[in-house]
Amino acid sequence: MPPGEDPMSHKTLPLTDHYDVKRGEDGHRYLRPLVRGFNLTRIPLLNKGTAFTAEEREAHGLDGLLAPQVDSLEVLIERAYREFSKRGAALEKHVYLRNLQDRNEVLFYALLSHHVEEMLPIVYTPTVGDAVKKFSQIYRYPRGLTLSTRTIERAEQALANVPLNDVRIIVATDSSAILGIGDQGFGGMAISIGKLSLYTVAGGVGPDKTLPVELDVGTGRADLREDPHYLGVKHERLTGEEYFAFIDKFVEATIQRYPKAIIQWEDFSKDAAFEVLARYRKVVPSFNDDIQGTGAVVLAGVLNACRIKGEALKDQVVVVHGAGAGGAGVAAAIREGMHREGLSPDEIARRVFVLDSRGLLTDDRSMEAYKQALATPRALVSGWSGTDLLGVVREAKATVLLGLSGVPGTFDEDIVKAALANTPRPLVFPLSNPTAHSEALPEDILRWTDGAAIVATGSPFAPVEHGGQTHEIGQGNNAFIFPGLGFGAILARVREITDEMVTEAAYALADYTQAHHPGRTYPPVNELSQASVQVAVAVIKQAIKDGVATEFSVRRLSDGELRAFVERKFWEPKFLPYHS
Ligand SMILES: NC(=O)c1ccc[n+]([C@@H]2O[C@H](COP(=O)([O-])OP(=O)(O)OC[C@H]3O[C@@H](n4cnc5c(N)ncnc54)[C@H](O)[C@@H]3O)[C@@H](O)[C@H]2O)c1
Ligand SMILES: O=C(O)C[C@H](O)C(=O)O
Ligand SMILES: [Mn+2]
């Protein structure tokens, strides 16, 4: 039977429609291509460019098609880096890298892993925000799966058309709340692609096991619908039953085609995020990155900052500004952290305050269901002078400010100085992305507090010099959680991703940072993959404890063996030799 013909007999299918990976008698892994000649140069996961060896060129119909020189991967990396460096604007660099990814995927990942610190802000936040906005203009080749109202009725066929046969991780967005830039229609595909690049470079998942998905249910943006160059479907967003019928079809078809896959829900607006997570998390192993990944990464950073201050989390008074997917996830994670340090629900209520665009969430206000659990009892604030941000920081004696509002500049001088009045070293984390949406600039925060604040941001910022000291700015971005969380979940073949697995990911990240960079809130981003390995190990251990790990072999492993197992499974960007 030709490859890909029988969707039911999963094990008999090759890894992709274009190649399989086999282990030779010598124990090494080989690529077994299923296409020949020119086609080999057109499939990004197969193409080696001028690194095809003389033997491969002869055996696979490439003689006469390639430049005579046979290069090593290292030379290709140098050449690509030189080209990358010639590009000026960040978006141009992004387009260069995306084109490289669509031309030669191993080279793309090899280049990226050599230059993580420089290139992460290009393939991911903040530049990915521009790529989302301009997606219709920079669109070149298809990548991943697009389901729209035009194709959703044929979702199974659409999935059958994807040339990958063993997808393990899917990042799916409906583009309703991309970063802090809102509804972006079809453009949100760029986020799914960017997140999955991190899964490979930082989370060890082979690119042939990743699938970006755009769920194009329409857009609420009239300007996009009226733009002749906009590539998405041009109607209002589906809502209510129609919306969920669409997502149901996606989930059902995905489970059929990829029974081993995990879904990461990304950038769903608060109006759908909580419901989507609750509806599917027991149907397909899945998590919401903005709620859960963000909660975990912020908990980890706050725990580390407390250690730096020589205090405990339970001593802090935390204000979460923004009550969407991110803010709600962060508030829940901080509460869980305080609970673990022994505080009662009543004590926690006096220490965690959440605000949305109308001010403090109090239990006498009418609000969305998910916000009710985060609301402060009205009686607790009855004597307060105000319940806007400044009022809450002053009256609650806030020591920690966490910004997840998407509104730039909301942590102004008055607010930050009000926090400084409550504690010698306030934690000020403007976490909104991309850069232009940050609640404050690190240099301003450090100036206003004369270097006393402990600062971390969602987007990358350069170190700040203040008072003869260099302050590294930790990047409190869920990129430190989701690759390890997903990788661990894949390796343990989990039935479900539990809240405890996510919380353990947070503590693992905090421990990693504490062990390797005791003075920092987060590790430097060039250690993303090492941190992710530690996160993955903790996630697998918790999955076993929770009884959701179906991969039997991991249950027998000691901590050291588990770590070695995770490291062994970590995909590395190398050209595998071809085998006929
Ligand atoms: N650093 C990270 O890892 C990370 C992760 C997730 C989200 N975020 C950032 O958080 C921001 C919000 O994202 P989301 O996914 O929660 O979006 P969302 O659409 O679910 O929620 C946005 C929320 O912001 C709040 N808000 C809006 N205007 C406000 C105002 N003037 N004052 C106070 N609150 C206001 C509202 O409560 C709203 O619910 C974005 O900028 C996003 O980039 C950062
Ligand atoms: O994408 C990011 O950089 C983090 C986060 O998921 C966000 O939505 O801002
Ligand atoms: Mn997000």
# chains A, B, ... in the order shown; residues from 1 in each chain; ligands from 1
>>> closest_atom_pairs(of="chain A", to="ligand 2", cutoff="6 Å", atoms="only C-alpha atoms and all ligand atoms", output="tab-separated table")
residue	atom	partner	partner_atom_place_in_ligand_line	distance
A:Thr125	CA	ligand 2	3 (O)	4.6
A:Ile178	CA	ligand 2	8 (O)	5.9
A:Leu179	CA	ligand 2	8 (O)	3.7
A:Asp267	CA	ligand 2	8 (O)	5.7
A:Asp290	CA	ligand 2	6 (O)	5.2
A:Asn433	CA	ligand 2	9 (O)	4.8
A:Asn477	CA	ligand 2	4 (C)	5.4
A:Asn478	CA	ligand 2	4 (C)	5.6
>>> write_last_selection(atoms="N, CA and C atoms", output="PDB file, in the first residue's frame")
ATOM      1  N   THR A 125       8.453  36.735  19.799  1.00  0.00           N
ATOM      2  CA  THR A 125       8.130  38.053  20.340  1.00  0.00           C
ATOM      3  C   THR A 125       9.392  38.914  20.481  1.00  0.00           C
ATOM      4  N   ILE A 178      -4.376  38.157  19.787  1.00  0.00           N
ATOM      5  CA  ILE A 178      -2.956  37.890  19.564  1.00  0.00           C
ATOM      6  C   ILE A 178      -2.136  38.854  20.422  1.00  0.00           C
ATOM      7  N   LEU A 179      -1.221  38.302  21.220  1.00  0.00           N
ATOM      8  CA  LEU A 179      -0.410  39.136  22.124  1.00  0.00           C
ATOM      9  C   LEU A 179      -1.325  40.212  22.706  1.00  0.00           C
ATOM     10  N   ASP A 267      -3.675  32.316  22.289  1.00  0.00           N
ATOM     11  CA  ASP A 267      -4.216  33.636  21.941  1.00  0.00           C
ATOM     12  C   ASP A 267      -5.700  33.618  21.581  1.00  0.00           C
ATOM     13  N   ASP A 290      -1.783  30.931  27.320  1.00  0.00           N
ATOM     14  CA  ASP A 290      -1.897  32.268  27.923  1.00  0.00           C
ATOM     15  C   ASP A 290      -2.388  32.189  29.360  1.00  0.00           C
ATOM     16  N   ASN A 433       2.861  42.088  25.814  1.00  0.00           N
ATOM     17  CA  ASN A 433       3.602  42.006  24.558  1.00  0.00           C
ATOM     18  C   ASN A 433       2.753  42.574  23.425  1.00  0.00           C
ATOM     19  N   ASN A 477       8.351  35.337  29.997  1.00  0.00           N
ATOM     20  CA  ASN A 477       7.519  34.975  28.850  1.00  0.00           C
ATOM     21  C   ASN A 477       7.235  33.477  28.925  1.00  0.00           C
ATOM     22  N   ASN A 478       6.003  33.104  28.582  1.00  0.00           N
ATOM     23  CA  ASN A 478       5.643  31.687  28.682  1.00  0.00           C
ATOM     24  C   ASN A 478       6.526  30.778  27.815  1.00  0.00           C
TER      25      ASN A 478
END
>>> residues_around(residues="Val354 (chain A)", least_positions_apart="4", cutoff="8 Å", atoms="only C-alpha atoms", output="PyMOL selection string")
chain A and resi 319-323+327+331+360-361+374-376
>>> residues_near_ligand(ligand="ligand 3", cutoff="12 Å", atoms="only C-alpha atoms and all ligand atoms", output="number ranges by chain")
A: 124-126, 128-129, 171-182, 188, 190-192, 194-195, 264-270, 273, 287-295, 324-327, 329, 404, 406, 431-434, 458-459, 477-479, 482
>>> residues_around(residues="region 462-475 of chain A", least_positions_apart="2", cutoff="9 Å", atoms="only C-alpha atoms", output="list in words")
Gly301, Leu431, Pro442, Glu443, Leu446, Arg447, Asp450, Gly451, Ile454, Val455, Ala456, Thr457, Gly458, Ser459, Pro460, Asn477, Phe480, Arg520, Thr521, Tyr522, Pro523, Pro524 and Val525 of chain A
>>> select_by_dssp(residues="region 452-510 of chain A", states="strand (DSSP E or B)", output="number ranges by chain")
A: 454-457, 464-466, 469-471, 474-475, 494
>>> select_by_dssp(residues="region 53-222 of chain A", states="alpha helix (DSSP H)", output="ChimeraX atom specification")
/A:54-59,73-86,90-103,105-114,116-123,127-133,135-138,155-161,189-201,222
